[in-house]
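Peer 1: Dropping in coords21.txt, with compact mmCIF, N, CA and C atoms.
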```txt
# COMPACT_ATOMS: atom_id res chain seq x y z
N GLY A 1 -12.71 -7.72 5.58
CA GLY A 1 -11.81 -6.95 4.77
C GLY A 1 -12.46 -6.47 3.49
N LEU A 2 -11.65 -5.90 2.65
CA LEU A 2 -12.13 -5.35 1.39
C LEU A 2 -12.67 -6.44 0.47
N LYS A 3 -12.03 -7.59 0.47
CA LYS A 3 -12.49 -8.70 -0.37
C LYS A 3 -13.90 -9.11 0.04
N ALA A 4 -14.16 -9.16 1.34
CA ALA A 4 -15.49 -9.52 1.83
C ALA A 4 -16.53 -8.48 1.40
N LEU A 5 -16.15 -7.20 1.42
CA LEU A 5 -17.06 -6.15 0.98
C LEU A 5 -17.43 -6.33 -0.49
N TRP A 6 -16.40 -6.58 -1.33
CA TRP A 6 -16.69 -6.75 -2.76
C TRP A 6 -17.60 -7.96 -2.99
N GLN A 7 -17.37 -9.04 -2.25
CA GLN A 7 -18.21 -10.23 -2.39
C GLN A 7 -19.64 -9.94 -1.95
N TYR A 8 -19.78 -9.23 -0.85
CA TYR A 8 -21.10 -8.87 -0.34
C TYR A 8 -21.87 -8.02 -1.36
N LEU A 9 -21.19 -7.01 -1.91
CA LEU A 9 -21.83 -6.14 -2.89
C LEU A 9 -22.18 -6.90 -4.16
N GLN A 10 -21.32 -7.83 -4.57
CA GLN A 10 -21.58 -8.64 -5.76
C GLN A 10 -22.84 -9.48 -5.56
N VAL A 11 -22.94 -10.13 -4.39
CA VAL A 11 -24.11 -10.95 -4.08
C VAL A 11 -25.37 -10.09 -4.03
N ALA A 12 -25.21 -8.86 -3.58
CA ALA A 12 -26.35 -7.94 -3.48
C ALA A 12 -26.74 -7.35 -4.84
N GLY A 13 -26.02 -7.76 -5.90
CA GLY A 13 -26.37 -7.30 -7.24
C GLY A 13 -25.81 -5.95 -7.62
N GLN A 14 -24.81 -5.48 -6.89
CA GLN A 14 -24.22 -4.17 -7.19
C GLN A 14 -23.13 -4.30 -8.26
N ASP A 15 -22.88 -3.21 -8.96
CA ASP A 15 -21.86 -3.16 -10.00
C ASP A 15 -20.50 -2.92 -9.35
N VAL A 16 -19.86 -3.98 -8.89
CA VAL A 16 -18.60 -3.88 -8.17
C VAL A 16 -17.51 -3.30 -9.06
N GLU A 17 -17.42 -3.74 -10.30
CA GLU A 17 -16.39 -3.22 -11.19
C GLU A 17 -16.59 -1.73 -11.45
N GLY A 18 -17.84 -1.30 -11.53
CA GLY A 18 -18.13 0.13 -11.71
C GLY A 18 -17.70 0.95 -10.50
N ILE A 19 -17.92 0.41 -9.30
CA ILE A 19 -17.50 1.09 -8.07
C ILE A 19 -15.98 1.18 -8.03
N LYS A 20 -15.30 0.07 -8.35
CA LYS A 20 -13.83 0.07 -8.36
C LYS A 20 -13.29 1.09 -9.37
N THR A 21 -13.93 1.18 -10.53
CA THR A 21 -13.50 2.15 -11.55
C THR A 21 -13.65 3.57 -11.05
N LYS A 22 -14.75 3.86 -10.36
CA LYS A 22 -14.95 5.20 -9.81
C LYS A 22 -13.88 5.52 -8.75
N ILE A 23 -13.55 4.54 -7.93
CA ILE A 23 -12.52 4.75 -6.91
C ILE A 23 -11.17 5.00 -7.59
N LYS A 24 -10.84 4.20 -8.59
CA LYS A 24 -9.58 4.39 -9.32
C LYS A 24 -9.53 5.79 -9.94
N ASN A 25 -10.64 6.25 -10.50
CA ASN A 25 -10.68 7.58 -11.11
C ASN A 25 -10.44 8.68 -10.08
N ILE A 26 -11.00 8.53 -8.89
CA ILE A 26 -10.78 9.52 -7.82
C ILE A 26 -9.30 9.55 -7.44
N VAL A 27 -8.70 8.38 -7.29
CA VAL A 27 -7.29 8.30 -6.91
C VAL A 27 -6.41 8.92 -8.01
N ILE A 28 -6.67 8.58 -9.25
CA ILE A 28 -5.88 9.14 -10.37
C ILE A 28 -6.01 10.65 -10.43
N LYS A 29 -7.21 11.17 -10.33
CA LYS A 29 -7.42 12.62 -10.39
C LYS A 29 -6.73 13.33 -9.21
N THR A 30 -6.76 12.71 -8.04
CA THR A 30 -6.10 13.30 -6.88
C THR A 30 -4.59 13.34 -7.08
N ILE A 31 -4.03 12.27 -7.61
CA ILE A 31 -2.59 12.24 -7.87
C ILE A 31 -2.22 13.28 -8.92
N ILE A 32 -3.00 13.38 -9.98
CA ILE A 32 -2.73 14.38 -11.03
C ILE A 32 -2.76 15.79 -10.43
N ALA A 33 -3.72 16.05 -9.55
CA ALA A 33 -3.83 17.38 -8.93
C ALA A 33 -2.63 17.70 -8.04
N SER A 34 -1.95 16.65 -7.55
CA SER A 34 -0.83 16.89 -6.64
C SER A 34 0.53 16.94 -7.36
N VAL A 35 0.55 16.70 -8.66
CA VAL A 35 1.83 16.63 -9.39
C VAL A 35 2.69 17.88 -9.19
N PRO A 36 2.17 19.11 -9.33
CA PRO A 36 3.04 20.27 -9.15
C PRO A 36 3.72 20.31 -7.77
N THR A 37 2.98 20.02 -6.73
CA THR A 37 3.53 20.05 -5.38
C THR A 37 4.55 18.93 -5.18
N VAL A 38 4.21 17.72 -5.60
CA VAL A 38 5.12 16.59 -5.44
C VAL A 38 6.39 16.81 -6.26
N THR A 39 6.24 17.33 -7.47
CA THR A 39 7.41 17.59 -8.32
C THR A 39 8.32 18.62 -7.67
N SER A 40 7.75 19.68 -7.16
CA SER A 40 8.53 20.72 -6.50
C SER A 40 9.28 20.17 -5.28
N LEU A 41 8.60 19.40 -4.47
CA LEU A 41 9.22 18.83 -3.28
C LEU A 41 10.30 17.81 -3.64
N SER A 42 10.04 17.01 -4.66
CA SER A 42 11.05 16.01 -5.03
C SER A 42 12.29 16.68 -5.61
N LYS A 43 12.12 17.78 -6.33
CA LYS A 43 13.28 18.50 -6.86
C LYS A 43 14.13 19.09 -5.73
N SER A 44 13.48 19.54 -4.67
CA SER A 44 14.23 20.18 -3.59
C SER A 44 14.79 19.18 -2.57
N HIS A 45 14.23 17.97 -2.50
CA HIS A 45 14.65 17.02 -1.47
C HIS A 45 15.31 15.74 -1.99
N CYS A 46 15.24 15.49 -3.28
CA CYS A 46 15.78 14.25 -3.83
C CYS A 46 16.93 14.56 -4.78
N LYS A 47 18.05 13.96 -4.52
CA LYS A 47 19.20 14.17 -5.38
C LYS A 47 18.97 13.54 -6.75
N TYR A 48 18.40 12.34 -6.76
CA TYR A 48 18.09 11.63 -8.00
C TYR A 48 16.60 11.28 -8.00
N ARG A 49 15.83 11.90 -8.86
CA ARG A 49 14.38 11.71 -8.86
C ARG A 49 13.97 10.26 -9.11
N HIS A 50 14.75 9.51 -9.89
CA HIS A 50 14.36 8.14 -10.18
C HIS A 50 14.53 7.20 -8.99
N THR A 51 15.16 7.67 -7.93
CA THR A 51 15.32 6.84 -6.73
C THR A 51 14.44 7.34 -5.59
N CYS A 52 13.55 8.25 -5.87
CA CYS A 52 12.68 8.83 -4.84
C CYS A 52 11.26 8.27 -5.03
N HIS A 53 10.72 7.67 -3.97
CA HIS A 53 9.39 7.06 -4.03
C HIS A 53 8.57 7.55 -2.84
N GLU A 54 7.28 7.63 -3.02
CA GLU A 54 6.38 8.04 -1.94
C GLU A 54 5.20 7.10 -1.92
N LEU A 55 4.77 6.73 -0.73
CA LEU A 55 3.60 5.88 -0.55
C LEU A 55 2.47 6.76 -0.01
N PHE A 56 1.33 6.70 -0.67
CA PHE A 56 0.16 7.46 -0.24
C PHE A 56 -0.92 6.49 0.23
N GLY A 57 -1.62 6.88 1.27
CA GLY A 57 -2.75 6.10 1.75
C GLY A 57 -4.03 6.87 1.51
N PHE A 58 -4.94 6.31 0.73
CA PHE A 58 -6.20 6.97 0.40
C PHE A 58 -7.32 6.40 1.26
N ASP A 59 -8.04 7.29 1.95
CA ASP A 59 -9.22 6.89 2.70
C ASP A 59 -10.44 7.25 1.85
N ILE A 60 -11.20 6.23 1.46
CA ILE A 60 -12.36 6.40 0.59
C ILE A 60 -13.61 5.98 1.35
N PHE A 61 -14.66 6.77 1.23
CA PHE A 61 -15.94 6.49 1.86
C PHE A 61 -16.97 6.20 0.77
N LEU A 62 -17.78 5.16 0.95
CA LEU A 62 -18.90 4.89 0.04
C LEU A 62 -20.18 5.32 0.72
N ASP A 63 -20.92 6.22 0.06
CA ASP A 63 -22.17 6.70 0.67
C ASP A 63 -23.30 5.68 0.44
N GLN A 64 -24.52 6.03 0.83
CA GLN A 64 -25.66 5.10 0.75
C GLN A 64 -25.99 4.71 -0.68
N HIS A 65 -25.50 5.48 -1.66
CA HIS A 65 -25.72 5.16 -3.07
C HIS A 65 -24.48 4.51 -3.69
N LEU A 66 -23.53 4.15 -2.83
CA LEU A 66 -22.26 3.53 -3.21
C LEU A 66 -21.40 4.43 -4.08
N LYS A 67 -21.59 5.73 -3.91
CA LYS A 67 -20.73 6.70 -4.58
C LYS A 67 -19.49 6.91 -3.71
N PRO A 68 -18.29 6.75 -4.30
CA PRO A 68 -17.08 6.94 -3.50
C PRO A 68 -16.74 8.42 -3.31
N TRP A 69 -16.29 8.73 -2.09
CA TRP A 69 -15.85 10.08 -1.74
C TRP A 69 -14.48 9.95 -1.10
N ILE A 70 -13.58 10.83 -1.48
CA ILE A 70 -12.26 10.80 -0.85
C ILE A 70 -12.36 11.56 0.47
N ILE A 71 -11.90 10.94 1.54
CA ILE A 71 -11.92 11.58 2.85
C ILE A 71 -10.60 12.29 3.09
N GLU A 72 -9.50 11.57 2.88
CA GLU A 72 -8.18 12.16 3.05
C GLU A 72 -7.13 11.32 2.34
N VAL A 73 -5.98 11.93 2.15
CA VAL A 73 -4.83 11.23 1.61
C VAL A 73 -3.72 11.37 2.65
N ASN A 74 -3.18 10.24 3.06
CA ASN A 74 -2.10 10.23 4.03
C ASN A 74 -0.78 10.06 3.30
N ILE A 75 0.19 10.91 3.63
CA ILE A 75 1.52 10.69 3.10
C ILE A 75 2.28 9.89 4.14
N SER A 76 3.05 8.95 3.68
CA SER A 76 3.79 8.05 4.57
C SER A 76 2.89 7.41 5.62
N PRO A 77 1.88 6.65 5.18
CA PRO A 77 0.98 6.01 6.14
C PRO A 77 1.73 5.00 7.00
N SER A 78 1.21 4.77 8.18
CA SER A 78 1.85 3.86 9.12
C SER A 78 1.84 2.44 8.58
N LEU A 79 2.96 1.76 8.74
CA LEU A 79 3.04 0.35 8.40
C LEU A 79 3.14 -0.49 9.66
N HIS A 80 2.90 0.13 10.82
CA HIS A 80 2.92 -0.59 12.09
C HIS A 80 1.78 -1.62 12.07
N THR A 81 2.07 -2.80 12.53
CA THR A 81 1.05 -3.85 12.52
C THR A 81 0.87 -4.41 13.92
N SER A 82 -0.36 -4.82 14.19
CA SER A 82 -0.62 -5.43 15.48
C SER A 82 -1.44 -6.71 15.34
N ALA A 83 -2.20 -6.82 14.27
CA ALA A 83 -3.05 -8.00 14.08
C ALA A 83 -2.55 -8.82 12.89
N PRO A 84 -2.79 -10.11 12.89
CA PRO A 84 -2.35 -10.96 11.79
C PRO A 84 -2.88 -10.49 10.41
N LEU A 85 -4.14 -10.08 10.34
CA LEU A 85 -4.69 -9.59 9.06
C LEU A 85 -3.96 -8.34 8.61
N ASP A 86 -3.69 -7.45 9.55
CA ASP A 86 -2.95 -6.21 9.26
C ASP A 86 -1.57 -6.54 8.70
N LYS A 87 -0.89 -7.50 9.32
CA LYS A 87 0.44 -7.92 8.85
C LYS A 87 0.36 -8.49 7.44
N HIS A 88 -0.65 -9.31 7.20
CA HIS A 88 -0.81 -9.93 5.89
C HIS A 88 -1.00 -8.87 4.80
N ILE A 89 -1.86 -7.90 5.05
CA ILE A 89 -2.14 -6.85 4.07
C ILE A 89 -0.92 -5.97 3.85
N LYS A 90 -0.32 -5.53 4.94
CA LYS A 90 0.81 -4.59 4.83
C LYS A 90 2.06 -5.27 4.28
N TYR A 91 2.24 -6.55 4.54
CA TYR A 91 3.39 -7.25 3.97
C TYR A 91 3.30 -7.21 2.44
N GLY A 92 2.13 -7.53 1.90
CA GLY A 92 1.95 -7.49 0.45
C GLY A 92 2.18 -6.10 -0.11
N LEU A 93 1.71 -5.10 0.59
CA LEU A 93 1.89 -3.71 0.17
C LEU A 93 3.37 -3.33 0.13
N VAL A 94 4.08 -3.62 1.20
CA VAL A 94 5.51 -3.27 1.28
C VAL A 94 6.31 -4.07 0.26
N LYS A 95 5.97 -5.35 0.10
CA LYS A 95 6.66 -6.19 -0.89
C LYS A 95 6.49 -5.59 -2.28
N ASP A 96 5.26 -5.20 -2.62
CA ASP A 96 5.01 -4.59 -3.93
C ASP A 96 5.75 -3.26 -4.07
N LEU A 97 5.79 -2.48 -3.00
CA LEU A 97 6.49 -1.20 -3.02
C LEU A 97 7.98 -1.40 -3.28
N PHE A 98 8.59 -2.34 -2.57
CA PHE A 98 10.01 -2.63 -2.78
C PHE A 98 10.27 -3.15 -4.19
N ASN A 99 9.43 -4.04 -4.67
CA ASN A 99 9.61 -4.58 -6.02
C ASN A 99 9.48 -3.49 -7.07
N THR A 100 8.54 -2.56 -6.89
CA THR A 100 8.38 -1.44 -7.82
C THR A 100 9.61 -0.55 -7.80
N ALA A 101 10.21 -0.38 -6.63
CA ALA A 101 11.39 0.47 -6.49
C ALA A 101 12.66 -0.24 -6.97
N GLY A 102 12.56 -1.51 -7.36
CA GLY A 102 13.71 -2.20 -7.90
C GLY A 102 14.41 -3.14 -6.94
N PHE A 103 13.87 -3.32 -5.76
CA PHE A 103 14.43 -4.28 -4.80
C PHE A 103 13.61 -5.56 -4.90
N LEU A 104 14.26 -6.66 -5.16
CA LEU A 104 13.54 -7.92 -5.32
C LEU A 104 13.23 -8.54 -3.96
N VAL A 105 11.96 -8.59 -3.64
CA VAL A 105 11.50 -9.28 -2.44
C VAL A 105 10.80 -10.54 -2.94
N PRO A 106 11.26 -11.71 -2.51
CA PRO A 106 10.67 -12.95 -3.03
C PRO A 106 9.19 -13.05 -2.69
N GLN A 107 8.52 -13.90 -3.44
CA GLN A 107 7.12 -14.17 -3.14
C GLN A 107 7.00 -14.62 -1.70
N THR A 108 5.80 -14.55 -1.15
CA THR A 108 5.58 -14.97 0.22
C THR A 108 6.15 -16.38 0.41
N PRO A 109 7.04 -16.54 1.37
CA PRO A 109 7.63 -17.87 1.56
C PRO A 109 6.55 -18.91 1.81
N THR A 110 6.70 -20.06 1.19
CA THR A 110 5.76 -21.14 1.40
C THR A 110 6.38 -22.15 2.34
N ARG A 111 5.57 -22.98 2.86
CA ARG A 111 6.09 -24.02 3.75
C ARG A 111 6.81 -25.05 2.90
N SER A 112 8.09 -25.03 2.96
CA SER A 112 8.89 -25.98 2.20
C SER A 112 10.12 -26.32 3.02
N ARG A 113 10.89 -27.21 2.49
CA ARG A 113 12.12 -27.60 3.18
C ARG A 113 13.10 -26.44 3.29
N SER A 114 13.01 -25.50 2.33
CA SER A 114 13.98 -24.40 2.32
C SER A 114 13.57 -23.24 3.23
N HIS A 115 12.34 -23.21 3.71
CA HIS A 115 11.89 -22.13 4.59
C HIS A 115 11.23 -22.71 5.83
N SER A 116 11.88 -22.57 6.95
CA SER A 116 11.28 -23.02 8.20
C SER A 116 10.20 -22.02 8.61
N PRO A 117 9.28 -22.39 9.49
CA PRO A 117 8.28 -21.43 9.97
C PRO A 117 8.93 -20.17 10.56
N LEU A 118 10.05 -20.33 11.26
CA LEU A 118 10.74 -19.17 11.82
C LEU A 118 11.24 -18.25 10.70
N GLU A 119 11.83 -18.84 9.64
CA GLU A 119 12.31 -18.03 8.52
C GLU A 119 11.16 -17.28 7.84
N GLN A 120 9.99 -17.92 7.74
CA GLN A 120 8.84 -17.26 7.13
C GLN A 120 8.43 -16.02 7.94
N VAL A 121 8.35 -16.17 9.25
CA VAL A 121 7.97 -15.05 10.12
C VAL A 121 9.03 -13.96 10.06
N LEU A 122 10.31 -14.34 10.13
CA LEU A 122 11.38 -13.34 10.09
C LEU A 122 11.39 -12.57 8.78
N THR A 123 11.13 -13.25 7.67
CA THR A 123 11.09 -12.57 6.37
C THR A 123 9.99 -11.52 6.37
N ARG A 124 8.80 -11.90 6.81
CA ARG A 124 7.68 -10.96 6.86
C ARG A 124 7.99 -9.78 7.77
N GLU A 125 8.50 -10.07 8.97
CA GLU A 125 8.79 -9.01 9.93
C GLU A 125 9.87 -8.07 9.41
N LEU A 126 10.90 -8.61 8.79
CA LEU A 126 11.98 -7.79 8.27
C LEU A 126 11.48 -6.86 7.17
N VAL A 127 10.69 -7.37 6.26
CA VAL A 127 10.16 -6.53 5.18
C VAL A 127 9.30 -5.42 5.75
N LEU A 128 8.44 -5.73 6.72
CA LEU A 128 7.58 -4.71 7.32
C LEU A 128 8.40 -3.67 8.08
N GLN A 129 9.42 -4.10 8.82
CA GLN A 129 10.24 -3.15 9.57
C GLN A 129 11.04 -2.26 8.63
N LEU A 130 11.58 -2.84 7.56
CA LEU A 130 12.31 -2.02 6.59
C LEU A 130 11.39 -0.99 5.96
N GLY A 131 10.20 -1.39 5.61
CA GLY A 131 9.24 -0.45 5.03
C GLY A 131 8.90 0.68 5.98
N GLU A 132 8.66 0.35 7.23
CA GLU A 132 8.35 1.37 8.23
C GLU A 132 9.52 2.34 8.41
N MET A 133 10.74 1.81 8.47
CA MET A 133 11.92 2.66 8.65
C MET A 133 12.11 3.59 7.46
N LEU A 134 11.93 3.07 6.25
CA LEU A 134 12.11 3.90 5.07
C LEU A 134 11.06 4.99 4.98
N LEU A 135 9.82 4.67 5.35
CA LEU A 135 8.78 5.68 5.30
C LEU A 135 8.97 6.74 6.38
N LEU A 136 9.62 6.40 7.46
CA LEU A 136 9.87 7.37 8.52
C LEU A 136 11.18 8.12 8.30
N GLY A 137 11.84 7.84 7.18
CA GLY A 137 13.09 8.53 6.88
C GLY A 137 14.26 8.06 7.72
N GLN A 138 14.20 6.81 8.17
CA GLN A 138 15.24 6.28 9.04
C GLN A 138 16.14 5.31 8.28
N ALA A 139 16.25 5.49 6.97
CA ALA A 139 17.04 4.55 6.15
C ALA A 139 18.50 4.50 6.62
N GLY A 140 19.01 5.58 7.19
CA GLY A 140 20.38 5.61 7.67
C GLY A 140 20.63 4.57 8.75
N GLU A 141 19.56 4.16 9.45
CA GLU A 141 19.70 3.16 10.51
C GLU A 141 19.95 1.78 9.95
N LEU A 142 19.81 1.60 8.63
CA LEU A 142 20.02 0.30 8.02
C LEU A 142 21.50 -0.04 7.91
N GLN A 143 22.38 0.95 8.03
CA GLN A 143 23.80 0.71 7.84
C GLN A 143 24.44 0.10 9.05
```
As structure tokens, please, write out the structure in this file.
Peer 2:
Amino acid sequence: GLKALWQYLQVAGQDVEGIKTKIKNIVIKTIIASVPTVTSLSKSHCKYRHTCHELFGFDIFLDQHLKPWIIEVNISPSLHTSAPLDKHIKYGLVKDLFNTAGFLVPQTPTRSRSHSPLEQVLTRELVLQLGEMLLLGQAGELQ
């Protein structure tokens, strides 16, 4: 995963924080460039702008000199999961997205008397399914 890449580059003596800063700058500049389009679309499709959220997926490539290049930006990236690592990453992403939007999703359930293993799995699955439905515009199915 990404954590392993950062560790590998750190051990190899690379400026990991500098690479991360360059990636953040690319993402920020891309978002700034899209403001007119996103603003226009949100005005025409959202009744209340403060309740309208969008998730973007950025694909970044590091060349042989570790210079980051943006490959593409995905709107409403898939939250479908098939592997345990995929579920772990996307659960955190969806949890953060919901918390940012004002919905409180508890921290990852820990093994305790109050959370059985089944409850832990159901909580993760429910959060991921809700995220997928909302990104696909199927929020009406929640009723």
Peer 1: Could you tell me which of A:Ala101, A:Ile70, A:Val94, A:Leu2 comes closest to His53 (chain A) if we count all atoms listed in the file?
Peer 2: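 Of the candidates, the smallest distance to His53 (chain A) is held by A:Ala101.
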Peer 1: Find the residues near region 71-75 of chain A: any atom within 8 Å, counting only N, CA and C atoms, skip ones fewer than 6 places away on the same chain, and give them as a count of residues only.
Peer 2: 9
Peer 1: At a cut-off of 8 Å, using all atoms listed in the file, what residues contact region 16-19 of chain A? Leave out same-chain residues fewer than 3 positions from it and give the result as a PyMOL selection string.
Peer 2: chain A and resi 6-7+9-10+13+22-25+66-68
Peer 1: I'd like the interatomic distance between CA of Tyr48 (chain A) and CA of Asn99 (chain A), to a tenth of an Å.
Peer 2: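 Going from CA of Tyr48 (chain A) over to CA of Asn99 (chain A) covers 18.4 Å.
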Peer 1: Have a look at CA of His80 (chain A) and CA of Val105 (chain A) and let me know their distance in Å, one decimal.
Peer 2: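 CA of Val105 (chain A) lies at a distance of 19.0 Å from CA of His80 (chain A).
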Peer 1: Using Å and a single decimal, report how far CA of Leu93 (chain A) sits from CA of Val27 (chain A).
Peer 2: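 Taking CA of Val27 (chain A) and CA of Leu93 (chain A), their separation equals 16.7 Å.
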Peer 1: Please, could N, CA, C and O atoms be added to region 86-108 of chain A and the result written as a PDB file, in the coordinates of the input?
Peer 2:
```pdb
ATOM      1  N   ASP A  86      -3.690  -7.450   9.550  1.00  0.00           N
ATOM      2  CA  ASP A  86      -2.950  -6.210   9.260  1.00  0.00           C
ATOM      3  C   ASP A  86      -1.570  -6.540   8.700  1.00  0.00           C
ATOM      4  O   ASP A  86      -1.119  -5.957   7.722  1.00  0.00           O
ATOM      5  N   LYS A  87      -0.890  -7.500   9.320  1.00  0.00           N
ATOM      6  CA  LYS A  87       0.440  -7.920   8.850  1.00  0.00           C
ATOM      7  C   LYS A  87       0.360  -8.490   7.440  1.00  0.00           C
ATOM      8  O   LYS A  87       1.191  -8.209   6.599  1.00  0.00           O
ATOM      9  N   HIS A  88      -0.650  -9.310   7.200  1.00  0.00           N
ATOM     10  CA  HIS A  88      -0.810  -9.930   5.890  1.00  0.00           C
ATOM     11  C   HIS A  88      -1.000  -8.870   4.800  1.00  0.00           C
ATOM     12  O   HIS A  88      -0.350  -8.920   3.758  1.00  0.00           O
ATOM     13  N   ILE A  89      -1.860  -7.900   5.050  1.00  0.00           N
ATOM     14  CA  ILE A  89      -2.140  -6.850   4.070  1.00  0.00           C
ATOM     15  C   ILE A  89      -0.920  -5.970   3.850  1.00  0.00           C
ATOM     16  O   ILE A  89      -0.512  -5.705   2.723  1.00  0.00           O
ATOM     17  N   LYS A  90      -0.320  -5.530   4.940  1.00  0.00           N
ATOM     18  CA  LYS A  90       0.810  -4.590   4.830  1.00  0.00           C
ATOM     19  C   LYS A  90       2.060  -5.270   4.280  1.00  0.00           C
ATOM     20  O   LYS A  90       2.848  -4.619   3.601  1.00  0.00           O
ATOM     21  N   TYR A  91       2.240  -6.550   4.540  1.00  0.00           N
ATOM     22  CA  TYR A  91       3.390  -7.250   3.970  1.00  0.00           C
ATOM     23  C   TYR A  91       3.300  -7.210   2.440  1.00  0.00           C
ATOM     24  O   TYR A  91       4.268  -6.897   1.759  1.00  0.00           O
ATOM     25  N   GLY A  92       2.130  -7.530   1.900  1.00  0.00           N
ATOM     26  CA  GLY A  92       1.950  -7.490   0.450  1.00  0.00           C
ATOM     27  C   GLY A  92       2.180  -6.100  -0.110  1.00  0.00           C
ATOM     28  O   GLY A  92       2.806  -5.935  -1.161  1.00  0.00           O
ATOM     29  N   LEU A  93       1.710  -5.100   0.590  1.00  0.00           N
ATOM     30  CA  LEU A  93       1.890  -3.710   0.170  1.00  0.00           C
ATOM     31  C   LEU A  93       3.370  -3.330   0.130  1.00  0.00           C
ATOM     32  O   LEU A  93       3.863  -2.800  -0.869  1.00  0.00           O
ATOM     33  N   VAL A  94       4.080  -3.620   1.200  1.00  0.00           N
ATOM     34  CA  VAL A  94       5.510  -3.270   1.280  1.00  0.00           C
ATOM     35  C   VAL A  94       6.310  -4.070   0.260  1.00  0.00           C
ATOM     36  O   VAL A  94       7.201  -3.547  -0.400  1.00  0.00           O
ATOM     37  N   LYS A  95       5.970  -5.350   0.100  1.00  0.00           N
ATOM     38  CA  LYS A  95       6.660  -6.190  -0.890  1.00  0.00           C
ATOM     39  C   LYS A  95       6.490  -5.590  -2.280  1.00  0.00           C
ATOM     40  O   LYS A  95       7.452  -5.446  -3.032  1.00  0.00           O
ATOM     41  N   ASP A  96       5.260  -5.200  -2.620  1.00  0.00           N
ATOM     42  CA  ASP A  96       5.010  -4.590  -3.930  1.00  0.00           C
ATOM     43  C   ASP A  96       5.750  -3.260  -4.070  1.00  0.00           C
ATOM     44  O   ASP A  96       6.270  -2.940  -5.142  1.00  0.00           O
ATOM     45  N   LEU A  97       5.790  -2.480  -3.000  1.00  0.00           N
ATOM     46  CA  LEU A  97       6.490  -1.200  -3.020  1.00  0.00           C
ATOM     47  C   LEU A  97       7.980  -1.400  -3.280  1.00  0.00           C
ATOM     48  O   LEU A  97       8.568  -0.729  -4.137  1.00  0.00           O
ATOM     49  N   PHE A  98       8.590  -2.340  -2.570  1.00  0.00           N
ATOM     50  CA  PHE A  98      10.010  -2.630  -2.780  1.00  0.00           C
ATOM     51  C   PHE A  98      10.270  -3.150  -4.190  1.00  0.00           C
ATOM     52  O   PHE A  98      11.227  -2.745  -4.844  1.00  0.00           O
ATOM     53  N   ASN A  99       9.430  -4.040  -4.670  1.00  0.00           N
ATOM     54  CA  ASN A  99       9.610  -4.580  -6.020  1.00  0.00           C
ATOM     55  C   ASN A  99       9.480  -3.490  -7.070  1.00  0.00           C
ATOM     56  O   ASN A  99      10.242  -3.453  -8.040  1.00  0.00           O
ATOM     57  N   THR A 100       8.540  -2.560  -6.890  1.00  0.00           N
ATOM     58  CA  THR A 100       8.380  -1.440  -7.820  1.00  0.00           C
ATOM     59  C   THR A 100       9.610  -0.550  -7.800  1.00  0.00           C
ATOM     60  O   THR A 100      10.033  -0.032  -8.836  1.00  0.00           O
ATOM     61  N   ALA A 101      10.210  -0.380  -6.630  1.00  0.00           N
ATOM     62  CA  ALA A 101      11.390   0.470  -6.490  1.00  0.00           C
ATOM     63  C   ALA A 101      12.660  -0.240  -6.970  1.00  0.00           C
ATOM     64  O   ALA A 101      13.730   0.370  -6.994  1.00  0.00           O
ATOM     65  N   GLY A 102      12.560  -1.510  -7.360  1.00  0.00           N
ATOM     66  CA  GLY A 102      13.710  -2.200  -7.900  1.00  0.00           C
ATOM     67  C   GLY A 102      14.410  -3.140  -6.940  1.00  0.00           C
ATOM     68  O   GLY A 102      15.450  -3.702  -7.275  1.00  0.00           O
ATOM     69  N   PHE A 103      13.870  -3.320  -5.760  1.00  0.00           N
ATOM     70  CA  PHE A 103      14.430  -4.280  -4.800  1.00  0.00           C
ATOM     71  C   PHE A 103      13.610  -5.560  -4.900  1.00  0.00           C
ATOM     72  O   PHE A 103      12.403  -5.527  -4.747  1.00  0.00           O
ATOM     73  N   LEU A 104      14.260  -6.660  -5.160  1.00  0.00           N
ATOM     74  CA  LEU A 104      13.540  -7.920  -5.320  1.00  0.00           C
ATOM     75  C   LEU A 104      13.230  -8.540  -3.960  1.00  0.00           C
ATOM     76  O   LEU A 104      14.140  -8.923  -3.228  1.00  0.00           O
ATOM     77  N   VAL A 105      11.960  -8.590  -3.640  1.00  0.00           N
ATOM     78  CA  VAL A 105      11.500  -9.280  -2.440  1.00  0.00           C
ATOM     79  C   VAL A 105      10.800 -10.540  -2.940  1.00  0.00           C
ATOM     80  O   VAL A 105       9.875 -10.451  -3.746  1.00  0.00           O
ATOM     81  N   PRO A 106      11.260 -11.710  -2.510  1.00  0.00           N
ATOM     82  CA  PRO A 106      10.670 -12.950  -3.030  1.00  0.00           C
ATOM     83  C   PRO A 106       9.190 -13.050  -2.690  1.00  0.00           C
ATOM     84  O   PRO A 106       8.694 -12.385  -1.792  1.00  0.00           O
ATOM     85  N   GLN A 107       8.520 -13.900  -3.440  1.00  0.00           N
ATOM     86  CA  GLN A 107       7.120 -14.170  -3.140  1.00  0.00           C
ATOM     87  C   GLN A 107       7.000 -14.620  -1.700  1.00  0.00           C
ATOM     88  O   GLN A 107       7.973 -15.069  -1.093  1.00  0.00           O
ATOM     89  N   THR A 108       5.800 -14.550  -1.150  1.00  0.00           N
ATOM     90  CA  THR A 108       5.580 -14.970   0.220  1.00  0.00           C
ATOM     91  C   THR A 108       6.150 -16.380   0.410  1.00  0.00           C
ATOM     92  O   THR A 108       5.802 -17.271  -0.354  1.00  0.00           O
TER      93      THR A 108
END
```
